[in-house]
Amino acid sequence: MNNQTSRVTNIDGMETYEFQLDGFESLPATATRGTPVLSPEFTCFGHQWRLRVFPGGAENSEDGTVDVFLHHRSDNRINIEFGFSVKGEAGVTAARHFTFDFRGIHLCLQGILNTCGTEVGFGRPEVVNSLVEGALIIEVRMRLIKPTTSSPSPSFIPKNPFLELMLNKFMDEKSADVVFKVGGEQVNASPAIFHAHRLILEDCAPVLAHLSGSGDDLSPIPITDVKPDVFHHMLYYAYGGKVADEDLKANAMEILNAADKYEVVNLKLEAEAIFVASTIITIDNVMELLLYAHDKNCALLKETVIDFIVENGDDVLDNVSLKDVPGGLFADLLTAVTRGKRKAALKGSGDYFRTMRVSDLRKQLHKKGLDIDGSREAMIAILKENS
């Protein structure tokens with residue numbers, strides 16, 4: 001019984017090993033019990049396996065049986081569904097199926113074909129009748145079983161509480177050391193009282209911190225040039241809060257003015273961006289917007305207005321008086337006109353900053369931790385100094 005052949009195939013996720021044992025019919029029915037015939041070692045699902053066929057039955061089996069063992073010979077664990085089949089000329093004549101979790105090397109499961117006393121028994125005569133030209137053909141089919149255990153729920157990790165703690169201090173009268181009295185200049189309008197903390201204002205609204213002084217006097221500090229609702233937005237932002245987009249859009253210019261005066265820089269830039277996005281520039285308002293941008297040092301708004309002037313040069317010259325334009329604006333105007341022409345030529349030189357858009361200049365400054373609120377000239381000068 002030295003002639004053996006084997007092969008492994010993979011079809012639709014199922015791997016099949018076929019082992020052919022020639023000359024099986026010549027073996028006597030009383031072949032030595034417990035003496036196996038070993039298949040070549042084979043690979044399925046990346047693991048090593050071997051069949052052990054006992055023509056005369058395993059040690060503990062009854063007479064007249066043919067026993068087959070599947071041995072797992074790899075170290076790693078694998079959980080598979082598998083089955084043995086004896087194949088005859090007319091197809092499969094005997095089959096048994098199992099599910100087993102192979103946990104380590106040389107662990108095995110006995111799949112006994114034709115075991116007496118079972119509900120489905122296949123004796124040696126049935127096996128002999130299935131031989132193909134005297135050869136016993138045993139097929140093993142394997143299918144990998146994926147783990148079905150549910151993944152654990154993600155761990156609850158609370159956020160850093162600093163922002164929430166800061167916001168909880170907003171308008172906290174008990175811990176406040178600064179009081180502002182805002183508004184009240186309008187007819188029949190009562191001033192609003194705002195409680196704040198000097199330590200927070202020093203970094204987030206430095207002009208308000210300067211107004212509050214350094215003593216323990218809690219006398220209300222009057223603020224008469226800002227509406228209470230706008231001051232509320234500005235102070236809330238200084239404590240880490242966010243002003244809703246609809247509030248920014250509805251009060252963009254007033255918030256911009258207040259943030260500019262009291263040096264809440266990021267809020268000013270946010271309000272400026274909203275104002276630019278929501279404002280339609282026309283021939284009628286172009287000069288007003290240009291002068292406003294220059295006065296409030298709004299570089300983004302100024303750039304947008306100048307782009308409009310460049311794109312509509314003939315109409316502007318025919319309908320707008322430029323006699324009141326500050327001299328410094330002509331440099332910005334020339335930059336807009338020549339930006340496309342000079343960009344390639346200046347790339348790599350220090351003057352390349354002059355062709356950059358305001359948003360790009362601010363990004364560069366922010367990356368370097370530098371002041372981002374200023375005119376084009378101021379931002380370019382800072383970048384050159386720190387390049």
# chains A, B, ... in the order shown; residues from 1 in each chain; ligands from 1
>>> residues_around(residues="Ile137 (chain A)", least_positions_apart="2", cutoff="10 Å", atoms="only C-alpha atoms", output="JSON, numbers by chain")
{"A": [4, 5, 6, 18, 19, 20, 21, 22, 24, 85, 86, 87, 88, 89, 92, 127, 130, 131, 132, 134, 135, 139]}
>>> residues_around(residues="region 224-236 of chain A", least_positions_apart="3", cutoff="6 Å", atoms="only C-alpha atoms", output="NGL selection string")
:A and (182-183 or 239 or 241 or 255)
>>> residues_around(residues="Ile200 (chain A)", least_positions_apart="6", cutoff="12 Å", atoms="only C-alpha atoms", output="mmCIF file with N, CA and C atoms, in the first residue's frame")
data_model
loop_
_atom_site.group_PDB
_atom_site.id
_atom_site.type_symbol
_atom_site.label_atom_id
_atom_site.label_comp_id
_atom_site.auth_asym_id
_atom_site.auth_seq_id
_atom_site.Cartn_x
_atom_site.Cartn_y
_atom_site.Cartn_z
ATOM 1 N N MET A 166 -14.190 76.785 31.957
ATOM 2 C CA MET A 166 -14.080 78.200 31.590
ATOM 3 C C MET A 166 -15.451 78.803 31.319
ATOM 4 N N LEU A 167 -16.256 78.071 30.541
ATOM 5 C CA LEU A 167 -17.581 78.584 30.208
ATOM 6 C C LEU A 167 -18.464 78.689 31.444
ATOM 7 N N LYS A 169 -17.487 79.703 34.205
ATOM 8 C CA LYS A 169 -17.100 80.937 34.896
ATOM 9 C C LYS A 169 -17.690 82.180 34.238
ATOM 10 N N PHE A 170 -18.221 82.027 33.017
ATOM 11 C CA PHE A 170 -18.820 83.156 32.319
ATOM 12 C C PHE A 170 -20.015 83.694 33.117
ATOM 13 N N ALA A 176 -16.221 86.467 40.238
ATOM 14 C CA ALA A 176 -15.770 87.565 39.386
ATOM 15 C C ALA A 176 -15.039 88.638 40.191
ATOM 16 N N ASP A 177 -14.070 89.289 39.538
ATOM 17 C CA ASP A 177 -13.362 90.410 40.167
ATOM 18 C C ASP A 177 -13.427 91.662 39.297
ATOM 19 N N VAL A 178 -14.267 91.621 38.251
ATOM 20 C CA VAL A 178 -14.478 92.764 37.364
ATOM 21 C C VAL A 178 -15.967 92.848 37.039
ATOM 22 N N PRO A 206 -7.544 92.027 26.046
ATOM 23 C CA PRO A 206 -6.593 92.845 26.813
ATOM 24 C C PRO A 206 -7.040 94.281 27.079
ATOM 25 N N VAL A 207 -7.802 94.877 26.179
ATOM 26 C CA VAL A 207 -8.242 96.255 26.420
ATOM 27 C C VAL A 207 -9.244 96.296 27.573
ATOM 28 N N LEU A 208 -10.130 95.319 27.634
ATOM 29 C CA LEU A 208 -11.053 95.241 28.771
ATOM 30 C C LEU A 208 -10.285 95.012 30.069
ATOM 31 N N ALA A 209 -9.238 94.215 30.021
ATOM 32 C CA ALA A 209 -8.419 93.987 31.210
ATOM 33 C C ALA A 209 -7.762 95.288 31.661
ATOM 34 N N HIS A 210 -7.291 96.071 30.702
ATOM 35 C CA HIS A 210 -6.655 97.353 31.035
ATOM 36 C C HIS A 210 -7.660 98.315 31.674
ATOM 37 N N SER A 212 -10.108 97.510 33.500
ATOM 38 C CA SER A 212 -10.481 97.030 34.835
ATOM 39 C C SER A 212 -9.442 97.363 35.888
ATOM 40 N N LEU A 235 -17.820 88.861 25.053
ATOM 41 C CA LEU A 235 -17.307 88.344 26.320
ATOM 42 C C LEU A 235 -17.417 86.822 26.376
ATOM 43 N N TYR A 236 -18.519 86.292 25.856
ATOM 44 C CA TYR A 236 -18.702 84.836 25.823
ATOM 45 C C TYR A 236 -17.601 84.191 24.980
ATOM 46 N N TYR A 237 -17.246 84.809 23.862
ATOM 47 C CA TYR A 237 -16.175 84.309 23.007
ATOM 48 C C TYR A 237 -14.843 84.328 23.760
ATOM 49 N N ALA A 238 -14.609 85.370 24.544
ATOM 50 C CA ALA A 238 -13.365 85.472 25.311
ATOM 51 C C ALA A 238 -13.226 84.338 26.315
ATOM 52 N N TYR A 239 -14.355 83.771 26.750
ATOM 53 C CA TYR A 239 -14.328 82.653 27.684
ATOM 54 C C TYR A 239 -14.288 81.288 26.983
ATOM 55 N N GLY A 240 -14.110 81.304 25.679
ATOM 56 C CA GLY A 240 -14.009 80.051 24.932
ATOM 57 C C GLY A 240 -15.276 79.635 24.233
ATOM 58 N N VAL A 264 -10.218 91.534 20.733
ATOM 59 C CA VAL A 264 -10.575 90.114 20.706
ATOM 60 C C VAL A 264 -10.330 89.670 19.261
#
>>> atom_distance(atom1="CA of Asp12 (chain A)", atom2="CA of Arg141 (chain A)")
11.8 Å
>>> atom_distance(atom1="CA of Arg50 (chain A)", atom2="CA of Glu62 (chain A)")
23.5 Å
>>> atom_distance(atom1="CA of Val243 (chain A)", atom2="CA of His294 (chain A)")
25.1 Å
>>> select_by_dssp(residues="region 205-259 of chain A", states="alpha helix (DSSP H)", output="PyMOL selection string")
chain A and resi 206-212+228-238+245-250+252-259
>>> residues_around(residues="region 314-317 of chain A", least_positions_apart="4", cutoff="12 Å", atoms="only C-alpha atoms", output="ChimeraX atom specification")
/A:281-287,305-310,321-323
>>> select_by_dssp(residues="region 176-330 of chain A", states="strand (DSSP E)", output="list of chain:residue names")
A:Val178, A:Val179, A:Phe180, A:Lys181, A:Val182, A:Ala192, A:Ile193, A:Phe194, A:His195, A:Ala196, A:Ile221, A:Pro222, A:Ile223
>>> write_last_selection(atoms="N, CA, C and O atoms", output="short mmCIF file (atom, residue, chain, number, x, y, z; two decimals), in the first residue's frame")
data_model
loop_
_atom_site.label_atom_id
_atom_site.label_comp_id
_atom_site.auth_asym_id
_atom_site.auth_seq_id
_atom_site.Cartn_x
_atom_site.Cartn_y
_atom_site.Cartn_z
N VAL A 178 -14.27 91.62 38.25
CA VAL A 178 -14.48 92.76 37.36
C VAL A 178 -15.97 92.85 37.04
O VAL A 178 -16.62 91.81 36.83
N VAL A 179 -16.49 94.09 37.00
CA VAL A 179 -17.89 94.29 36.65
C VAL A 179 -17.98 95.37 35.58
O VAL A 179 -17.35 96.43 35.69
N PHE A 180 -18.75 95.08 34.52
CA PHE A 180 -18.96 96.05 33.44
C PHE A 180 -20.44 96.42 33.39
O PHE A 180 -21.32 95.55 33.53
N LYS A 181 -20.69 97.71 33.19
CA LYS A 181 -22.05 98.19 32.98
C LYS A 181 -22.14 98.64 31.53
O LYS A 181 -21.51 99.61 31.12
N VAL A 182 -22.90 97.90 30.74
CA VAL A 182 -22.89 98.08 29.29
C VAL A 182 -24.22 98.67 28.82
O VAL A 182 -25.30 98.18 29.18
N ALA A 192 -26.90 96.80 31.06
CA ALA A 192 -26.74 95.40 31.45
C ALA A 192 -25.44 95.24 32.23
O ALA A 192 -24.43 95.89 31.94
N ILE A 193 -25.47 94.38 33.24
CA ILE A 193 -24.30 94.14 34.09
C ILE A 193 -23.64 92.83 33.68
O ILE A 193 -24.31 91.80 33.54
N PHE A 194 -22.34 92.88 33.51
CA PHE A 194 -21.57 91.70 33.15
C PHE A 194 -20.46 91.50 34.17
O PHE A 194 -19.69 92.42 34.46
N HIS A 195 -20.37 90.30 34.70
CA HIS A 195 -19.32 89.94 35.65
C HIS A 195 -18.23 89.16 34.90
O HIS A 195 -18.52 88.27 34.10
N ALA A 196 -16.99 89.48 35.19
CA ALA A 196 -15.87 88.86 34.46
C ALA A 196 -14.68 88.65 35.39
O ALA A 196 -14.73 88.98 36.58
N ILE A 221 -17.64 99.22 35.56
CA ILE A 221 -16.91 99.98 34.55
C ILE A 221 -17.86 100.23 33.38
O ILE A 221 -18.37 99.28 32.77
N PRO A 222 -18.14 101.49 33.06
CA PRO A 222 -19.12 101.78 32.00
C PRO A 222 -18.57 101.48 30.61
O PRO A 222 -17.44 101.84 30.28
N ILE A 223 -19.38 100.83 29.79
CA ILE A 223 -19.08 100.59 28.38
C ILE A 223 -20.27 101.14 27.60
O ILE A 223 -21.38 100.58 27.65
#
